[in-house]
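Q: Input structure: my_file35.txt, which contains compact mmCIF, C-alpha atoms and all ligand atoms.
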# COMPACT_ATOMS: atom_id res chain seq x y z
CA MET A 241 -118.13 269.54 -31.51
CA LYS A 242 -116.08 272.60 -30.68
CA LYS A 243 -116.55 271.87 -26.98
CA LEU A 244 -115.38 268.27 -27.45
CA LEU A 245 -112.26 269.40 -29.34
CA CYS A 246 -111.57 271.88 -26.60
CA VAL A 247 -111.84 269.19 -23.88
CA LEU A 248 -109.62 266.82 -25.90
CA GLY A 249 -107.07 269.60 -26.36
CA VAL A 250 -106.96 270.35 -22.64
CA LEU A 251 -106.64 266.61 -21.90
CA ALA A 252 -103.75 266.28 -24.36
CA ILE A 253 -101.95 269.20 -22.71
CA ILE A 254 -102.49 267.69 -19.24
CA LEU A 255 -101.13 264.32 -20.42
CA LEU A 256 -98.12 266.01 -22.03
CA ILE A 257 -97.33 267.97 -18.86
CA ALA A 258 -97.84 264.80 -16.75
CA SER A 259 -95.49 262.72 -18.89
CA LEU A 260 -92.85 265.46 -18.83
CA ALA A 261 -93.11 266.45 -15.15
CA GLY A 262 -94.38 263.15 -13.65
CA PRO A 263 -91.12 261.17 -13.73
CA SER A 264 -89.05 263.79 -11.89
CA ILE A 265 -91.81 264.20 -9.29
CA ILE A 266 -91.74 260.41 -8.77
CA LEU A 267 -87.96 260.41 -8.51
CA LYS A 268 -88.07 263.19 -5.92
CA ALA A 269 -90.62 261.22 -3.92
CA VAL A 270 -88.57 257.99 -3.87
CA GLN A 271 -85.08 259.51 -3.57
CA GLN A 272 -83.29 258.26 -0.45
CA ASP A 273 -82.38 261.11 1.91
CA ALA A 274 -78.72 261.54 2.72
CA PRO A 275 -78.07 259.79 6.05
CA ALA A 276 -77.55 261.93 9.13
CA GLU A 277 -74.00 263.06 9.96
CA SER A 278 -73.64 260.85 12.99
CA TYR A 279 -75.62 257.95 14.49
CA ALA A 280 -74.83 254.53 15.95
CA TYR A 281 -72.14 252.88 13.80
CA SER A 282 -72.60 255.57 11.09
CA GLU A 283 -68.92 255.26 10.13
CA VAL A 284 -69.40 251.63 9.00
CA PHE A 285 -72.55 252.01 6.87
CA PHE A 286 -70.73 251.72 3.53
CA ASP A 287 -72.01 252.09 -0.03
CA THR A 288 -69.52 250.05 -2.06
CA TYR A 289 -68.31 246.46 -1.99
CA ASP A 290 -64.66 247.58 -2.01
CA GLU A 291 -65.14 249.74 1.10
CA VAL A 292 -66.79 246.84 2.91
CA ARG A 293 -63.95 244.45 2.02
CA LYS A 294 -61.27 246.92 3.05
CA HIS A 295 -63.03 247.55 6.34
CA HIS A 296 -63.38 243.82 7.09
CA GLU A 297 -59.70 243.33 6.40
CA GLU A 298 -58.80 246.02 8.97
CA LEU A 299 -61.40 244.92 11.52
CA PHE A 300 -60.38 241.26 11.52
CA ALA A 301 -56.65 242.02 11.40
CA ARG A 302 -57.17 244.06 14.58
CA LEU A 303 -58.97 241.09 16.16
CA GLY A 304 -56.17 238.75 15.10
CA ALA A 305 -58.43 236.49 13.03
CA GLU A 306 -57.22 233.94 10.49
CA SER A 307 -58.48 235.02 7.09
CA TYR A 308 -59.09 233.42 3.72
CA SER A 309 -60.50 234.91 0.51
CA HIS A 310 -62.30 232.46 -1.74
CA VAL A 311 -62.24 233.48 -5.41
CA ILE A 312 -65.56 233.75 -7.22
CA ASP A 313 -64.32 235.87 -10.16
CA GLU A 314 -60.74 237.12 -10.05
CA ALA A 315 -61.05 239.38 -13.11
CA ASP A 316 -64.05 241.13 -11.56
CA GLY A 317 -62.46 241.20 -8.09
CA LEU A 318 -65.17 239.03 -6.49
CA TYR A 319 -64.27 237.13 -3.32
CA ILE A 320 -66.01 235.54 -0.36
CA ASP A 321 -64.01 236.62 2.70
CA SER A 322 -63.82 234.25 5.68
CA PHE A 323 -62.44 235.11 9.10
CA TYR A 324 -61.89 232.68 11.94
CA LEU A 325 -61.26 233.31 15.61
CA PRO A 326 -60.78 229.87 17.20
CA ALA A 327 -61.64 229.00 20.80
CA ALA A 328 -58.46 229.50 22.82
CA GLU A 329 -58.67 226.25 24.83
CA ASP A 330 -61.67 223.89 24.49
CA ALA A 331 -63.61 223.77 21.23
CA THR A 332 -67.11 223.75 22.71
CA ASN A 333 -69.15 226.44 20.92
CA LEU A 334 -68.77 227.64 17.35
CA ILE A 335 -70.68 230.75 16.29
CA VAL A 336 -71.05 231.02 12.50
CA LEU A 337 -72.08 234.37 11.00
CA THR A 338 -72.95 234.66 7.30
CA THR A 339 -73.68 237.89 5.42
CA GLY A 340 -74.59 238.84 1.86
CA VAL A 341 -76.14 235.52 0.76
CA HIS A 342 -78.50 237.97 -0.93
CA GLY A 343 -75.78 240.29 -2.30
CA ILE A 344 -77.07 243.79 -1.53
CA GLU A 345 -78.28 242.66 1.92
CA GLY A 346 -74.62 242.23 2.82
CA TYR A 347 -74.33 246.00 3.42
CA ILE A 348 -76.48 245.85 6.53
CA GLY A 349 -74.94 242.44 7.30
CA SER A 350 -71.50 244.03 7.34
CA VAL A 351 -72.60 246.68 9.84
CA MET A 352 -73.93 243.92 12.10
CA LEU A 353 -70.49 242.29 12.11
CA ASP A 354 -69.17 245.51 13.63
CA VAL A 355 -71.96 245.46 16.21
CA PHE A 356 -71.15 241.82 17.00
CA PHE A 357 -67.41 242.30 17.41
CA THR A 358 -67.83 245.56 19.38
CA GLU A 359 -70.67 244.64 21.74
CA ILE A 360 -71.02 240.86 21.85
CA TYR A 361 -67.63 239.26 21.20
CA PRO A 362 -65.84 240.95 24.14
CA GLN A 363 -68.48 239.44 26.48
CA LEU A 364 -68.01 235.87 25.23
CA ASP A 365 -65.89 233.24 26.90
CA THR A 366 -63.40 232.90 24.08
CA ASP A 367 -61.64 230.04 25.88
CA ASP A 368 -64.40 227.70 24.77
CA THR A 369 -66.11 229.68 21.98
CA GLY A 370 -64.87 230.28 18.45
CA VAL A 371 -66.38 232.56 15.79
CA LEU A 372 -66.33 231.92 12.06
CA THR A 373 -67.50 234.78 9.81
CA ILE A 374 -68.28 234.24 6.14
CA ALA A 375 -68.75 237.72 4.65
CA ASN A 376 -70.25 238.58 1.26
CA VAL A 377 -71.35 235.08 0.29
CA ASN A 378 -72.68 236.63 -2.95
CA PRO A 379 -69.95 239.15 -3.84
CA TYR A 380 -71.42 239.85 -7.30
CA GLY A 381 -74.68 240.99 -5.70
CA MET A 382 -72.74 243.13 -3.25
CA LYS A 383 -70.70 244.79 -5.96
CA TYR A 384 -73.60 245.37 -8.35
CA MET A 385 -76.27 245.99 -5.69
CA ARG A 386 -78.43 242.99 -6.59
CA ARG A 387 -80.11 240.36 -4.48
CA TYR A 388 -79.11 237.71 -7.04
CA ASN A 389 -75.70 236.43 -8.10
CA GLU A 390 -73.75 236.48 -11.39
CA ASN A 391 -76.17 233.93 -12.91
CA ASN A 392 -79.34 235.64 -11.65
CA VAL A 393 -79.57 232.93 -9.00
CA ASP A 394 -81.10 233.61 -5.60
CA LEU A 395 -78.51 231.82 -3.45
CA ASN A 396 -80.96 231.38 -0.59
CA ARG A 397 -83.00 229.11 -2.91
CA ASN A 398 -79.91 227.29 -4.21
CA PHE A 399 -79.00 225.20 -1.12
CA ILE A 400 -80.56 221.94 -2.28
CA LEU A 401 -79.28 218.80 -0.55
CA ASP A 402 -79.55 216.59 -3.63
CA TRP A 403 -80.32 218.06 -7.05
CA ASP A 404 -80.84 214.62 -8.63
CA SER A 405 -83.91 213.96 -6.54
CA PHE A 406 -85.09 217.59 -6.51
CA ASP A 407 -88.15 218.51 -8.58
CA LEU A 408 -87.38 221.71 -10.52
CA SER A 409 -91.12 222.30 -11.06
CA VAL A 410 -91.73 222.37 -7.27
CA ASN A 411 -93.33 225.85 -7.48
CA GLU A 412 -96.67 225.30 -9.19
CA LYS A 413 -97.86 228.87 -8.71
CA TYR A 414 -94.92 230.69 -10.28
CA PRO A 415 -95.92 230.08 -13.93
CA GLN A 416 -99.14 232.04 -13.21
CA VAL A 417 -97.30 235.10 -11.94
CA ASP A 418 -94.45 235.02 -14.46
CA SER A 419 -96.96 235.80 -17.17
CA PHE A 420 -97.42 239.31 -15.76
CA LEU A 421 -94.30 239.84 -13.60
CA GLY A 422 -91.59 238.36 -15.86
CA PRO A 423 -89.21 240.76 -17.63
CA ILE A 424 -90.75 241.98 -20.89
CA GLY A 425 -88.54 244.74 -22.31
CA LYS A 426 -87.26 248.14 -21.25
CA ILE A 427 -89.03 250.38 -18.77
CA GLY A 428 -90.00 253.66 -20.45
CA ASN A 429 -91.48 256.83 -18.96
CA ALA A 430 -91.60 256.41 -15.16
CA LEU A 431 -95.11 257.83 -14.80
CA TRP A 432 -96.75 255.54 -17.36
CA HIS A 433 -94.74 252.60 -16.09
CA GLU A 434 -96.07 253.16 -12.54
CA ALA A 435 -99.64 253.52 -13.75
CA GLY A 436 -99.44 250.40 -15.95
CA PHE A 437 -97.81 248.31 -13.26
CA TYR A 438 -100.36 249.09 -10.57
CA LEU A 439 -103.25 248.46 -12.95
CA SER A 440 -101.87 245.04 -13.89
CA LEU A 441 -100.78 244.08 -10.38
CA GLY A 442 -104.01 245.43 -8.86
CA LYS A 443 -106.06 243.36 -11.28
CA ASN A 444 -104.02 240.23 -10.57
CA ALA A 445 -103.92 240.84 -6.80
CA ILE A 446 -107.71 241.05 -6.76
CA THR A 447 -108.30 238.02 -8.98
CA LYS A 448 -105.51 235.80 -7.65
CA GLY A 449 -104.97 237.30 -4.17
CA ALA A 450 -101.87 239.26 -3.09
CA ASP A 451 -100.84 236.38 -0.81
CA THR A 452 -100.91 233.89 -3.68
CA ILE A 453 -98.65 236.18 -5.66
CA SER A 454 -96.19 236.83 -2.87
CA ASP A 455 -96.10 233.14 -1.81
CA ALA A 456 -95.51 232.13 -5.42
CA LEU A 457 -92.53 234.48 -5.52
CA LEU A 458 -91.01 234.14 -2.04
CA GLY A 459 -90.88 230.36 -2.05
CA GLY A 460 -88.41 230.30 -4.96
CA GLN A 461 -88.71 228.91 -8.49
CA TYR A 462 -86.44 226.77 -10.68
CA GLU A 463 -87.86 227.07 -14.20
CA TYR A 464 -87.52 230.73 -15.19
CA PRO A 465 -83.81 231.74 -15.28
CA GLN A 466 -84.68 235.37 -16.02
CA GLY A 467 -87.39 235.51 -13.38
CA VAL A 468 -87.18 236.65 -9.75
CA TYR A 469 -86.30 234.28 -6.88
CA TYR A 470 -84.74 231.86 -9.39
CA GLY A 471 -82.98 229.07 -7.47
CA GLY A 472 -80.81 227.73 -10.32
CA ASN A 473 -80.48 224.11 -11.44
CA GLY A 474 -77.29 223.05 -9.65
CA ASP A 475 -74.88 224.35 -7.01
CA GLU A 476 -73.58 227.88 -7.72
CA ALA A 477 -69.90 228.63 -6.97
CA SER A 478 -70.80 230.44 -3.70
CA THR A 479 -73.03 227.52 -2.71
CA VAL A 480 -70.29 224.93 -3.26
CA TYR A 481 -68.04 226.95 -0.97
CA LEU A 482 -70.58 227.54 1.82
CA LYS A 483 -71.80 223.92 1.73
CA ASP A 484 -68.21 222.86 2.25
CA VAL A 485 -67.82 225.32 5.15
CA PHE A 486 -70.96 223.92 6.82
CA ALA A 487 -69.65 220.36 6.36
CA GLN A 488 -66.33 221.36 7.94
CA CYS A 489 -68.15 222.92 10.90
CA LEU A 490 -70.07 219.68 11.43
CA ASP A 491 -66.84 217.73 11.13
CA SER A 492 -64.92 219.99 13.54
CA GLU A 493 -64.13 219.48 17.21
CA TYR A 494 -66.82 221.94 18.29
CA GLU A 495 -69.77 220.29 20.05
CA ASN A 496 -72.30 223.05 19.60
CA ILE A 497 -72.89 225.21 16.53
CA VAL A 498 -74.97 228.40 16.41
CA HIS A 499 -75.40 229.89 12.94
CA ILE A 500 -76.93 233.29 12.16
CA ASP A 501 -77.55 234.26 8.52
CA ILE A 502 -78.19 238.02 8.19
CA HIS A 503 -80.79 239.36 5.74
CA SER A 504 -82.95 242.41 5.07
CA GLY A 505 -86.11 243.22 3.12
CA TYR A 506 -88.80 241.09 4.75
CA GLY A 507 -91.07 241.81 7.72
CA PRO A 508 -92.34 244.89 9.53
CA ARG A 509 -90.29 248.10 9.21
CA TYR A 510 -88.17 249.01 12.23
CA ASN A 511 -88.27 245.42 13.41
CA MET A 512 -85.80 242.63 13.05
CA VAL A 513 -87.41 239.22 12.92
CA ILE A 514 -85.71 235.98 13.94
CA PHE A 515 -86.95 233.68 11.17
CA ASN A 516 -86.35 230.07 12.18
CA SER A 517 -85.85 227.17 9.83
CA VAL A 518 -88.74 224.77 9.27
CA TYR A 519 -86.39 222.09 10.68
CA GLU A 520 -86.05 223.93 14.01
CA THR A 521 -88.36 222.26 16.53
CA MET A 522 -88.78 225.22 18.94
CA SER A 523 -92.19 226.87 18.57
CA GLU A 524 -92.74 230.63 18.36
CA LYS A 525 -93.66 230.85 22.07
CA GLU A 526 -90.73 228.67 23.16
CA SER A 527 -88.32 230.76 21.07
CA GLN A 528 -89.70 234.03 22.49
CA ALA A 529 -89.25 232.76 26.04
CA ALA A 530 -85.79 231.31 25.38
CA PHE A 531 -84.39 234.36 23.57
CA GLY A 532 -86.25 237.11 25.47
CA TYR A 533 -87.17 238.54 22.06
CA ASP A 534 -90.69 239.03 20.70
CA ASN A 535 -90.34 239.15 16.93
CA ILE A 536 -89.99 235.50 16.02
CA ILE A 537 -91.29 233.51 13.12
CA ALA A 538 -91.16 229.78 13.81
CA TYR A 539 -92.65 226.79 12.00
CA ASP A 540 -95.96 227.27 13.85
CA SER A 541 -96.27 231.06 13.26
CA GLU A 542 -99.05 232.50 11.13
CA ALA A 543 -96.48 234.50 9.12
CA PHE A 544 -94.29 231.45 8.44
CA TYR A 545 -93.81 230.65 4.76
CA ALA A 546 -91.98 227.70 3.31
CA THR A 547 -89.03 228.16 0.99
CA THR A 548 -86.83 225.69 -0.82
CA GLY A 549 -83.05 225.77 -0.93
CA ASP A 550 -82.56 227.95 2.16
CA THR A 551 -79.09 227.97 3.84
CA THR A 552 -80.46 227.34 7.34
CA ASP A 553 -82.68 224.45 6.18
CA PHE A 554 -79.68 223.00 4.37
CA PHE A 555 -77.51 223.17 7.50
CA TYR A 556 -80.06 221.10 9.48
CA ARG A 557 -80.53 218.60 6.67
CA LEU A 558 -76.78 218.22 6.23
CA ALA A 559 -76.38 217.59 9.97
CA GLU A 560 -79.12 215.00 9.78
CA SER A 561 -77.64 213.28 6.72
CA LEU A 562 -74.22 213.12 8.41
CA ASP A 563 -75.85 211.64 11.51
CA THR A 564 -73.84 214.02 13.70
CA ASP A 565 -74.20 214.15 17.46
CA LYS A 566 -73.49 217.90 17.56
CA SER A 567 -76.13 220.42 18.61
CA LEU A 568 -77.06 222.86 15.87
CA PHE A 569 -79.14 226.01 15.85
CA SER A 570 -79.23 227.75 12.46
CA THR A 571 -81.47 230.76 11.97
CA CYS A 572 -82.01 233.84 9.87
CA PHE A 573 -82.15 237.44 11.14
CA GLU A 574 -84.36 239.55 8.83
CA PHE A 575 -84.46 243.35 9.01
CA GLY A 576 -87.85 244.61 7.82
CA THR A 577 -87.67 247.58 5.48
CA ILE A 578 -90.80 248.44 3.50
CA GLY A 579 -93.23 246.74 5.90
CA ASP A 580 -95.55 243.75 5.88
CA GLU A 581 -99.02 245.21 5.35
CA PHE A 582 -100.96 244.49 2.13
CA PHE A 583 -99.74 247.58 0.26
CA ASP A 584 -96.17 247.13 1.54
CA THR A 585 -96.12 243.63 0.05
CA ILE A 586 -97.24 245.04 -3.29
CA LEU A 587 -94.52 247.70 -3.18
CA SER A 588 -91.85 245.12 -2.30
CA LEU A 589 -92.97 242.99 -5.24
CA LYS A 590 -92.93 245.96 -7.55
CA TYR A 591 -89.41 247.05 -6.57
CA THR A 592 -88.17 243.46 -6.97
CA VAL A 593 -89.76 242.95 -10.35
CA ASP A 594 -88.74 246.37 -11.72
CA GLU A 595 -85.10 245.84 -10.75
CA ASN A 596 -85.04 242.43 -12.39
CA ARG A 597 -86.62 243.78 -15.55
CA ASN A 598 -84.10 246.61 -15.66
CA HIS A 599 -81.27 244.12 -15.20
CA TRP A 600 -82.29 242.15 -18.29
CA TYR A 601 -83.46 245.12 -20.36
CA PRO A 602 -81.65 248.24 -19.12
CA THR A 603 -83.80 251.31 -19.73
CA ASP A 604 -82.52 254.27 -21.80
CA ASN A 605 -84.48 256.58 -19.53
CA GLU A 606 -82.12 257.89 -16.82
CA THR A 607 -84.90 259.01 -14.49
CA SER A 608 -86.60 255.61 -14.67
CA ALA A 609 -83.29 253.84 -13.99
CA GLU A 610 -82.71 256.02 -10.94
CA VAL A 611 -86.26 255.43 -9.64
CA VAL A 612 -85.68 251.66 -9.88
CA HIS A 613 -82.32 251.94 -8.07
CA GLN A 614 -83.64 254.18 -5.27
CA ASN A 615 -86.60 251.85 -4.67
CA TYR A 616 -84.25 248.85 -4.50
CA LEU A 617 -82.11 250.61 -1.87
CA GLU A 618 -85.24 251.36 0.13
CA LEU A 619 -86.11 247.66 -0.03
CA PHE A 620 -82.73 246.38 1.26
CA TYR A 621 -80.61 249.22 2.66
CA PRO A 622 -82.58 252.30 3.70
CA THR A 623 -80.69 255.46 4.63
CA GLU A 624 -83.17 256.64 7.24
CA THR A 625 -81.40 257.23 10.57
CA GLN A 626 -84.24 255.85 12.70
CA TRP A 627 -84.19 252.60 10.69
CA ARG A 628 -80.42 252.26 10.89
CA GLU A 629 -80.30 252.85 14.64
CA LYS A 630 -83.10 250.36 15.25
CA THR A 631 -81.28 247.65 13.25
CA VAL A 632 -78.29 248.00 15.57
CA ALA A 633 -80.41 247.86 18.74
CA ASP A 634 -82.48 244.86 17.57
CA PHE A 635 -79.47 242.91 16.38
CA ALA A 636 -77.59 243.41 19.65
CA GLN A 637 -80.61 242.40 21.75
CA ALA A 638 -81.55 239.36 19.64
CA THR A 639 -77.99 238.08 19.32
CA LYS A 640 -77.42 238.31 23.08
CA GLY A 641 -80.73 236.49 23.64
CA VAL A 642 -79.92 233.70 21.19
CA LEU A 643 -76.37 233.20 22.46
CA ASP A 644 -77.43 233.24 26.13
CA ALA A 645 -79.90 230.48 25.34
CA LYS A 646 -77.84 228.44 22.92
CA LEU A 647 -74.19 228.57 24.01
CA LYS A 648 -73.03 225.85 26.38
ZN ZN B 1 -82.37 237.90 2.06
In structure tokens, write the structure found in this file.
A:
Amino acid sequence: MKKLLCVLGVLAIILLIASLAGPSIILKAVQQDAPAESYAYSEVFFDTYDEVRKHHEELFARLGAESYSHVIDEADGLYIDSFYLPAAEDATNLIVLTTGVHGIEGYIGSVMLDVFFTEIYPQLDTDDTGVLTIANVNPYGMKYMRRYNENNVDLNRNFILDWDSFDLSVNEKYPQVDSFLGPIGKIGNALWHEAGFYLSLGKNAITKGADTISDALLGGQYEYPQGVYYGGNGDEASTVYLKDVFAQCLDSEYENIVHIDIHSGYGPRYNMVIFNSVYETMSEKESQAAFGYDNIIAYDSEAFYATTGDTTDFFYRLAESLDTDKSLFSTCFEFGTIGDEFFDTILSLKYTVDENRNHWYPTDNETSAEVVHQNYLELFYPTETQWREKTVADFAQATKGVLDAKLK
């Protein structure tokens, strides 16, 4: 009996020390390192929405672009900024660049605009090629470092051609995962939260399969407004604007449109993937050969997954519904962050779900809040120098490849 009491006592002390020391050890482990002093484009890797806006204003004024700021919320200072550099003589090619459809992903998107206008734009024949940039499509998500917008809507699931004929219960698997991934109150002690999450997710990953879970999430859902990857139930303000921009592009004088939507958070780390729309007919092999770029996901790729309400899919469907004779190539550039192995997928899910839970039920525990924030940065905007330099190199190579193949 005495021995048992002694063991229980020691266990209680260990648990107490773990719950006191555990959270700060976890925070230390996930804390993003300060970026290096100097690396490629280091001066334009910003950390606030206001800095990004101010920089775009200066950059595009220098280039002599026409600019327009579309109001999303004046009181909160939220705007979608558009910049247009028309073709000087013949309107043949129009390049459309969109950033920040997924709010926080607009930080890396903004850097890529600098890469584009420093390394690519000067090489283009601007007599017949115009460039339209739509920056910070989801300004709320940029300002508040979220993937989702002011209504918790994932804008890249909100581009539905016709809501009247759209089935909101399209995602049959989501209800299964919401039962254990939906927001259910404040996150407490970081150590016990981690332990509880992995136990629950591990159990569900084994019984349901990690792929089932991630497919159920990534595809988008339309029934759980507080859940993750929620696509809304009608056009969001940003969507109305971008749909109109796409329609104007298709109605313009330009014969050939090439659209690149810039994202981060999916795919292998240190690798940017060109993720083609399901409506793009080029296969993976054909795209690799045409673009001189290996990391491609096309409709026939093993890693391809279907989504609903995607901007690039919408662009193709809009072109089809307008019966246009223009050529269109609309694709997504995805910068991998965490990775795409089994455990990476689990981590990505965890960071996504934790952030959403903390959005709806903000924790009182400062350490836990910081752990959630640091993990979310790692998922969409890592500070690691090697990662940042590789994003620049991949973007430059892939963009050159795509434009060489697609511009007339
Ligand atoms: Zn994204």
Q: Anything within 8 Å of (-85.5, 253.4, -16.9): list those residues as an MDAnalysis selection string, counting all atoms listed in the file and sticking to the file's coordinates.
A: chainID A and resid 426:430 598 602:612
Q: For ligand ZN 1 (chain B), list the contacting residues at 8 Å or closer, counting only C-alpha atoms and all ligand atoms, as a ChimeraX atom specification.
A: /A:340-342,345,387,396,502-506,574
Q: Between A:Leu482, A:Leu256, A:Val417, A:Ile344, which has the minimum distance to His613 of chain A (counting all atoms listed in the file)?
A: A:Ile344
Q: How many Å lie between atom CA of Thr338 of chain A and atom CA of Ile374 of chain A, rounded to one decimal?
A: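 Computing it gives 4.8 Å between the two atoms.
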Q: Could you give me, as a ChimeraX atom specification, the residues within 10 Å of segment 460-469 of chain A, counting all atoms listed in the file and dropping anything in the same chain fewer than 4 positions from it?
A: /A:387-388,391-398,407-415,418,421-423,455-456,473-474,546-550,589,592-593,595-597,599-600
Q: Skip segment 305-315 of chain A itself and residues of its chain fewer than 4 positions away, then list as a list of chain:residue names all residues within 10 Å of it, counting all atoms listed in the file.
A: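 The residues satisfying every condition are A:Glu297, A:Leu299, A:Phe300, A:Ala301, A:Tyr319, A:Ile320, A:Asp321, A:Ser322, A:Phe323, A:Tyr324, A:Leu325, A:Pro326, A:Val371, A:Leu372, A:Thr373, A:Ile374, A:Ala375, A:Val377, A:Asn378, A:Pro379, A:Tyr380, A:Glu390, A:Glu476, A:Ala477, A:Ser478, A:Tyr481.
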